[in-house]
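J.: To be precise about what I am sending: the file is called my_file27.csv and holds CSV, C-alpha atoms.
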chain,number,residue,atom,x,y,z
A,2,MET,CA,103.1,105.3,89.4
A,3,LEU,CA,103.4,106.4,85.8
A,4,LEU,CA,102.5,110.1,85.9
A,5,PHE,CA,101.5,111.5,82.6
A,6,ASN,CA,102.2,115.1,81.6
A,7,THR,CA,98.6,116.4,81.3
A,8,GLU,CA,99.7,120.0,80.7
A,9,SER,CA,102.0,120.0,77.6
A,10,GLY,CA,103.3,117.8,74.8
A,11,PRO,CA,101.6,114.9,73.1
A,12,LEU,CA,100.1,113.6,76.4
A,13,LYS,CA,98.1,116.8,76.8
A,14,ASP,CA,95.6,114.8,74.7
A,15,VAL,CA,93.6,112.6,77.0
A,16,LYS,CA,93.1,109.9,74.3
A,17,VAL,CA,96.9,109.4,74.1
A,18,ARG,CA,97.0,109.1,77.9
A,19,GLN,CA,94.2,106.6,77.9
A,20,ALA,CA,96.0,104.6,75.2
A,21,LEU,CA,99.2,104.4,77.3
A,22,GLN,CA,97.2,103.0,80.2
A,23,LYS,CA,96.1,100.1,78.0
A,24,VAL,CA,99.5,99.2,76.5
A,25,LEU,CA,101.4,97.6,79.4
A,26,ASP,CA,101.0,93.9,80.1
A,27,TYR,CA,100.2,94.2,83.8
A,28,ASP,CA,99.7,90.5,84.4
A,29,GLY,CA,103.0,89.7,82.7
A,30,LEU,CA,104.8,92.3,84.7
A,31,ALA,CA,103.4,91.0,88.0
A,32,ALA,CA,104.6,87.5,87.1
A,33,ALA,CA,108.0,88.8,86.0
A,34,LEU,CA,108.5,90.6,89.3
A,35,GLU,CA,108.3,87.2,91.1
A,36,GLY,CA,106.7,88.5,94.3
A,37,ALA,CA,108.4,91.9,94.4
A,38,GLY,CA,105.2,93.5,93.1
A,39,VAL,CA,101.6,92.6,92.7
A,40,LYS,CA,98.8,93.9,90.5
A,41,GLY,CA,96.9,96.6,92.3
A,42,SER,CA,93.5,98.2,92.0
A,43,GLY,CA,93.5,102.0,91.8
A,44,LEU,CA,95.8,104.3,93.7
A,45,VAL,CA,95.2,103.0,97.3
A,46,PRO,CA,96.8,99.7,98.3
A,47,GLN,CA,94.8,97.0,100.0
A,48,GLY,CA,94.5,97.5,103.7
A,49,LEU,CA,94.0,101.3,103.7
A,50,LEU,CA,90.8,103.3,103.7
A,51,GLY,CA,89.8,104.0,100.1
A,52,PHE,CA,91.0,100.7,98.6
A,53,THR,CA,88.6,100.1,95.7
A,54,PRO,CA,88.3,96.7,94.1
A,55,GLY,CA,87.4,96.7,90.4
A,56,LEU,CA,90.0,99.3,89.3
A,57,GLU,CA,92.6,96.7,88.3
A,58,PRO,CA,94.3,97.8,85.0
A,59,LYS,CA,94.1,95.6,82.0
A,60,GLN,CA,96.1,95.4,78.8
A,61,ASP,CA,94.1,96.1,75.6
A,62,LEU,CA,96.3,96.7,72.6
A,63,LYS,CA,93.4,96.9,70.2
A,64,GLU,CA,91.8,99.7,72.1
A,65,ALA,CA,95.1,101.4,72.6
A,66,ALA,CA,95.7,101.4,68.9
A,67,GLU,CA,92.2,102.9,68.3
A,68,LEU,CA,92.8,105.6,70.8
A,69,LEU,CA,96.2,106.5,69.3
A,70,ALA,CA,94.7,106.5,65.8
A,71,ALA,CA,92.1,109.0,66.9
A,72,ALA,CA,95.0,111.2,67.9
A,73,ASP,CA,96.7,110.6,64.5
A,74,TYR,CA,99.4,108.2,65.8
A,75,GLY,CA,100.0,104.6,65.1
A,76,PRO,CA,101.6,102.0,62.8
A,77,ASP,CA,100.2,103.5,59.6
A,78,LEU,CA,100.1,107.1,60.9
A,79,ASN,CA,102.6,109.4,62.7
A,80,GLU,CA,105.3,108.1,65.0
A,81,LEU,CA,104.9,109.2,68.6
A,82,LYS,CA,108.0,109.9,70.6
A,83,LEU,CA,107.7,110.1,74.4
A,84,SER,CA,110.3,110.8,77.1
A,85,LEU,CA,110.2,109.0,80.4
A,86,THR,CA,112.3,109.2,83.5
A,87,TYR,CA,112.7,106.6,86.2
A,88,ALA,CA,114.9,105.7,89.2
A,89,GLN,CA,118.4,104.8,88.4
A,90,GLY,CA,119.4,101.4,89.9
A,91,ASP,CA,115.8,100.3,90.5
A,92,ALA,CA,115.6,96.8,88.8
A,93,ASP,CA,111.8,96.6,89.1
A,94,GLN,CA,111.2,100.0,87.4
A,95,GLN,CA,113.7,99.1,84.7
A,96,LEU,CA,111.9,95.8,84.0
A,97,MET,CA,108.6,97.7,83.8
A,98,VAL,CA,110.0,100.3,81.4
A,99,THR,CA,111.6,97.6,79.2
A,100,LEU,CA,108.2,95.8,78.9
A,101,LEU,CA,106.4,99.0,78.2
A,102,SER,CA,108.9,100.1,75.6
A,103,SER,CA,108.6,96.7,73.8
A,104,GLN,CA,104.8,97.0,73.7
A,105,LEU,CA,104.8,100.6,72.5
A,106,LYS,CA,107.1,99.8,69.6
A,107,LYS,CA,104.3,97.7,68.1
A,108,LEU,CA,102.2,100.8,68.0
A,109,ASN,CA,104.8,103.0,66.4
A,110,VAL,CA,105.6,104.7,69.7
A,111,THR,CA,109.2,105.3,70.7
A,112,LEU,CA,109.9,105.5,74.4
A,113,GLN,CA,113.0,107.5,75.2
A,114,ALA,CA,113.6,106.2,78.8
A,115,LYS,CA,116.2,107.8,81.0
A,116,PRO,CA,117.3,106.4,84.4
A,117,MET,CA,118.1,109.2,86.8
A,118,GLN,CA,119.1,109.8,90.4
A,119,TRP,CA,116.1,111.0,92.4
A,120,ASN,CA,117.1,114.6,92.9
A,121,ALA,CA,117.9,115.1,89.3
A,122,GLN,CA,114.7,113.4,88.1
A,123,TRP,CA,112.6,115.4,90.6
A,124,ASP,CA,114.3,118.7,89.5
A,125,LEU,CA,113.5,117.9,85.9
A,126,GLY,CA,110.0,117.0,86.8
A,127,LYS,CA,109.4,120.2,88.6
A,128,LYS,CA,110.4,122.0,85.3
A,129,LYS,CA,107.9,119.8,83.4
A,130,GLY,CA,110.7,118.3,81.4
A,131,GLN,CA,109.3,114.9,80.6
A,132,ASP,CA,106.2,113.2,79.3
A,133,ILE,CA,106.1,110.4,81.8
A,134,PHE,CA,107.5,110.5,85.4
A,135,VAL,CA,107.9,107.1,87.2
A,136,MET,CA,107.9,107.1,90.9
A,137,TYR,CA,106.8,105.3,94.1
A,138,TRP,CA,104.6,106.9,96.7
A,139,PHE,CA,104.6,105.5,100.2
A,140,PRO,CA,102.0,106.2,102.9
A,141,ASP,CA,103.3,108.9,105.3
A,142,TYR,CA,100.8,107.6,107.7
A,143,ALA,CA,98.0,104.9,107.6
A,144,ASP,CA,95.7,107.1,105.6
A,145,PRO,CA,95.4,107.5,101.8
A,146,TYR,CA,95.0,111.3,101.9
A,147,SER,CA,98.8,111.5,101.5
A,148,TRP,CA,98.5,110.3,97.9
A,149,PHE,CA,95.8,112.7,96.8
A,150,VAL,CA,96.8,115.9,98.5
A,151,ASN,CA,100.5,115.5,97.5
A,152,VAL,CA,100.3,113.9,94.1
A,153,PHE,CA,97.0,115.0,92.5
A,154,ARG,CA,96.0,118.3,94.1
A,155,SER,CA,97.0,121.2,91.9
A,156,ALA,CA,100.1,123.0,93.1
A,157,ASP,CA,102.0,126.1,92.1
A,158,PRO,CA,105.0,125.7,92.2
A,159,VAL,CA,105.0,122.0,91.4
A,160,SER,CA,106.2,119.7,94.1
A,161,PHE,CA,104.9,116.1,93.7
A,162,ASN,CA,102.0,116.8,91.4
A,163,LEU,CA,104.1,115.6,88.5
A,164,SER,CA,101.2,114.9,86.2
A,165,TYR,CA,100.5,118.7,86.6
A,166,LEU,CA,96.8,117.9,87.0
A,167,LYS,CA,94.6,121.0,87.5
A,168,ASP,CA,91.0,120.4,88.2
A,169,GLU,CA,88.9,122.5,90.6
A,170,ALA,CA,86.4,119.7,91.3
A,171,ILE,CA,89.2,117.2,92.2
A,172,ASP,CA,90.9,119.8,94.4
A,173,LYS,CA,87.6,120.5,96.3
A,174,ALA,CA,87.0,116.8,96.8
A,175,ILE,CA,90.6,116.3,98.1
A,176,ASP,CA,90.3,119.2,100.5
A,177,ALA,CA,87.1,117.7,102.0
A,178,LEU,CA,88.7,114.3,102.7
A,179,PRO,CA,90.1,114.8,106.2
A,180,GLN,CA,86.9,116.1,107.7
A,181,LEU,CA,84.8,113.5,105.9
A,182,THR,CA,87.1,110.7,107.1
A,183,ALA,CA,86.6,112.0,110.7
A,184,THR,CA,82.8,112.3,110.5
A,185,ASP,CA,81.5,109.8,108.0
A,186,ARG,CA,83.7,106.9,107.1
A,187,ALA,CA,81.3,105.4,104.5
A,188,ALA,CA,81.1,108.8,102.7
A,189,ALA,CA,84.9,109.0,102.8
A,190,GLU,CA,85.2,105.5,101.2
A,191,GLN,CA,82.9,106.6,98.4
A,192,SER,CA,84.7,109.9,97.9
A,193,TYR,CA,88.0,108.0,97.6
A,194,ALA,CA,86.5,105.6,95.1
A,195,ASP,CA,85.0,108.5,93.0
A,196,LEU,CA,88.3,110.4,93.0
A,197,GLN,CA,90.3,107.4,91.8
A,198,LYS,CA,87.8,106.8,89.0
A,199,LYS,CA,88.0,110.4,88.0
A,200,ILE,CA,91.8,110.7,88.2
A,201,ILE,CA,92.6,107.3,86.5
A,202,GLU,CA,89.7,106.7,84.1
A,203,GLU,CA,88.3,110.2,83.2
A,204,LYS,CA,91.5,112.3,83.4
A,205,ALA,CA,93.9,109.5,82.7
A,206,ALA,CA,96.6,111.3,84.7
A,207,VAL,CA,98.3,108.2,85.9
A,208,ALA,CA,98.8,104.4,85.4
A,209,VAL,CA,99.5,102.2,88.4
A,210,PRO,CA,101.6,99.2,87.0
A,211,TYR,CA,102.1,97.4,90.4
A,212,VAL,CA,102.1,97.7,94.1
A,213,GLN,CA,105.5,97.0,95.6
A,214,THR,CA,105.8,94.2,98.1
A,215,TYR,CA,108.8,93.7,100.4
A,216,GLN,CA,110.7,90.5,100.4
A,217,ARG,CA,112.8,89.6,103.5
A,218,ALA,CA,115.4,87.0,104.2
A,219,LEU,CA,115.1,86.0,107.8
A,220,THR,CA,117.3,83.6,109.8
A,221,ALA,CA,115.5,80.8,111.6
A,222,GLY,CA,117.3,81.8,114.8
A,223,VAL,CA,115.5,85.1,115.2
A,224,GLN,CA,111.8,85.5,116.0
A,225,GLY,CA,109.5,88.5,116.5
A,226,TYR,CA,110.1,90.5,113.3
A,227,VAL,CA,107.0,92.2,112.0
A,228,ASP,CA,107.1,94.1,108.7
A,229,ASN,CA,105.7,97.7,108.9
A,230,PRO,CA,105.1,99.1,105.4
A,231,ALA,CA,105.2,102.6,106.7
A,232,TYR,CA,108.8,102.0,107.9
A,233,PRO,CA,110.0,99.5,105.3
A,234,ASN,CA,113.7,99.6,106.2
A,235,VAL,CA,113.4,99.9,110.0
A,236,VAL,CA,113.9,96.9,112.4
A,237,SER,CA,112.3,97.2,115.8
A,238,PHE,CA,115.3,95.6,117.6
A,239,TYR,CA,113.7,95.2,121.0
A,240,ASP,CA,110.8,93.2,119.5
A,241,LEU,CA,113.2,90.5,118.4
A,242,THR,CA,114.0,87.3,120.4
A,243,LEU,CA,116.3,84.4,119.9
A,244,ALA,CA,114.6,81.1,118.9
A,245,GLY,CA,114.7,78.3,121.5
Before anything else, please render the file you have as structure tokens.

T.:
Amino acid sequence: MLLFNTESGPLKDVKVRQALQKVLDYDGLAAALEGAGVKGSGLVPQGLLGFTPGLEPKQDLKEAAELLAAADYGPDLNELKLSLTYAQGDADQQLMVTLLSSQLKKLNVTLQAKPMQWNAQWDLGKKKGQDIFVMYWFPDYADPYSWFVNVFRSADPVSFNLSYLKDEAIDKAIDALPQLTATDRAAAEQSYADLQKKIIEEKAAVAVPYVQTYQRALTAGVQGYVDNPAYPNVVSFYDLTLAG
């Protein structure tokens, strides 16, 4: 996720945040990742309650330029400088940041990107020290509530709500999700869809450039391995058998 600072700095303007959502070449990034990431739709990955087709991000540099111009930024206007932090040593994030920076230059936007170790990046984020915070979010359990309550519900002090989004209606809808999921699945599906549209499209608090996919090298002599996305680096040894 690219979490935009909705509270302070140039990204306090929703038009600038919406412009940034339209700059990245999402299809080109997915192709360049060569299977390590795929284009997603909204915040919830396919396979979980709340996955919502039709929210796939699309590049639109013309509209991005118009939105920036409305905020007095662009090639013939003021230069926009933005700070971004991402995970040091993560080649996929580095690729994404490089592509984003290249596209932004065309619009007179300079991206000051800094790779950081997680603890240092997180400490800076909790101090609201950047315009864009790049991070992954994994399901703590097979339910999308984890994304919303941790990342997009208002929090003081800040923990993982690193877009600093504060919206009473969004908070109320998030708080209602567990009970709704237990009593009315169809209504929960709709609530998740509505929340994603509000957070991504209306508030423009985040952009989701890709959904990470795991790539494994498996020897032909071992069978029985099943990938579990909730435990991506765990091998259930007793499920494995020798071929033949």

J.: Can you pull out every residue within 12 Å of stretch 51-53 of chain A, counting all atoms listed in the file, but drop anything in the same chain fewer than 2 positions away, and send it as number ranges by chain?

T.: A: 41-49, 55-57, 143-149, 178, 182, 186-198

J.: Which is closer to A:Ala31 than all the others in A:Asn234, A:Gln94, A:Gln122, A:Gln180, using all atoms listed in the file?

T.: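 Among A:Asn234, A:Gln94, A:Gln122, A:Gln180, it is A:Gln94 that comes nearest to A:Ala31.
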
J.: I'd like to know which of A:Asp93, A:Asp73, A:Asp132, A:Asp172 is closest to A:Val207, using only C-alpha atoms.

T.: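 Checking each candidate against A:Val207, we get A:Asp132 as the closest.
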
J.: One decimal, in Å: what's the spacing between atom CA of A:Val110 and atom CA of A:Trp138?

T.: 27.1 Å

J.: Do you have the atom CA of A:Ala206-atom CA of A:Ala170 distance handy?

T.: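 Calculated distance between atom CA of A:Ala206 and atom CA of A:Ala170 is 14.8 Å.
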
J.: Counting only C-alpha atoms, what is within 8 Å of A:Leu108, bar same-chain residues fewer than 6 positions away, as an MDAnalysis selection string?

T.: chainID A and resid 66 75:76

J.: Got a sec: who's within 12 Å of A:Met97, counting all atoms listed in the file, leaving out chain neighbours fewer than 5 positions off, as a compact mmCIF listing (two decimals) with C-alpha atoms, in the coordinates of the input?

T.:
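To be explicit, this is the file written out as around_18.txt:
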# COMPACT_ATOMS: atom_id res chain seq x y z
CA MET A 2 103.10 105.30 89.40
CA LEU A 3 103.40 106.40 85.80
CA VAL A 24 99.50 99.20 76.50
CA LEU A 25 101.40 97.60 79.40
CA ASP A 26 101.00 93.90 80.10
CA TYR A 27 100.20 94.20 83.80
CA ASP A 28 99.70 90.50 84.40
CA GLY A 29 103.00 89.70 82.70
CA LEU A 30 104.80 92.30 84.70
CA ALA A 31 103.40 91.00 88.00
CA ALA A 32 104.60 87.50 87.10
CA ALA A 33 108.00 88.80 86.00
CA LEU A 34 108.50 90.60 89.30
CA GLY A 38 105.20 93.50 93.10
CA LEU A 85 110.20 109.00 80.40
CA TYR A 87 112.70 106.60 86.20
CA ALA A 88 114.90 105.70 89.20
CA ASP A 91 115.80 100.30 90.50
CA ALA A 92 115.60 96.80 88.80
CA SER A 102 108.90 100.10 75.60
CA SER A 103 108.60 96.70 73.80
CA GLN A 104 104.80 97.00 73.70
CA ALA A 114 113.60 106.20 78.80
CA VAL A 135 107.90 107.10 87.20
CA MET A 136 107.90 107.10 90.90
CA ALA A 208 98.80 104.40 85.40
CA VAL A 209 99.50 102.20 88.40
CA PRO A 210 101.60 99.20 87.00
CA TYR A 211 102.10 97.40 90.40

J.: Determine the nearest neighbour of A:Asp61 from the options A:Leu21, A:Leu112, A:Leu96, A:Val39, counting all atoms listed in the file.

T.: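 Closest residue, counting all atoms listed in the file: A:Leu21.
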
J.: What is the distance between atom CA of A:Lys16 and atom CA of A:Leu68, in Å to one decimal?

T.: 5.6 Å
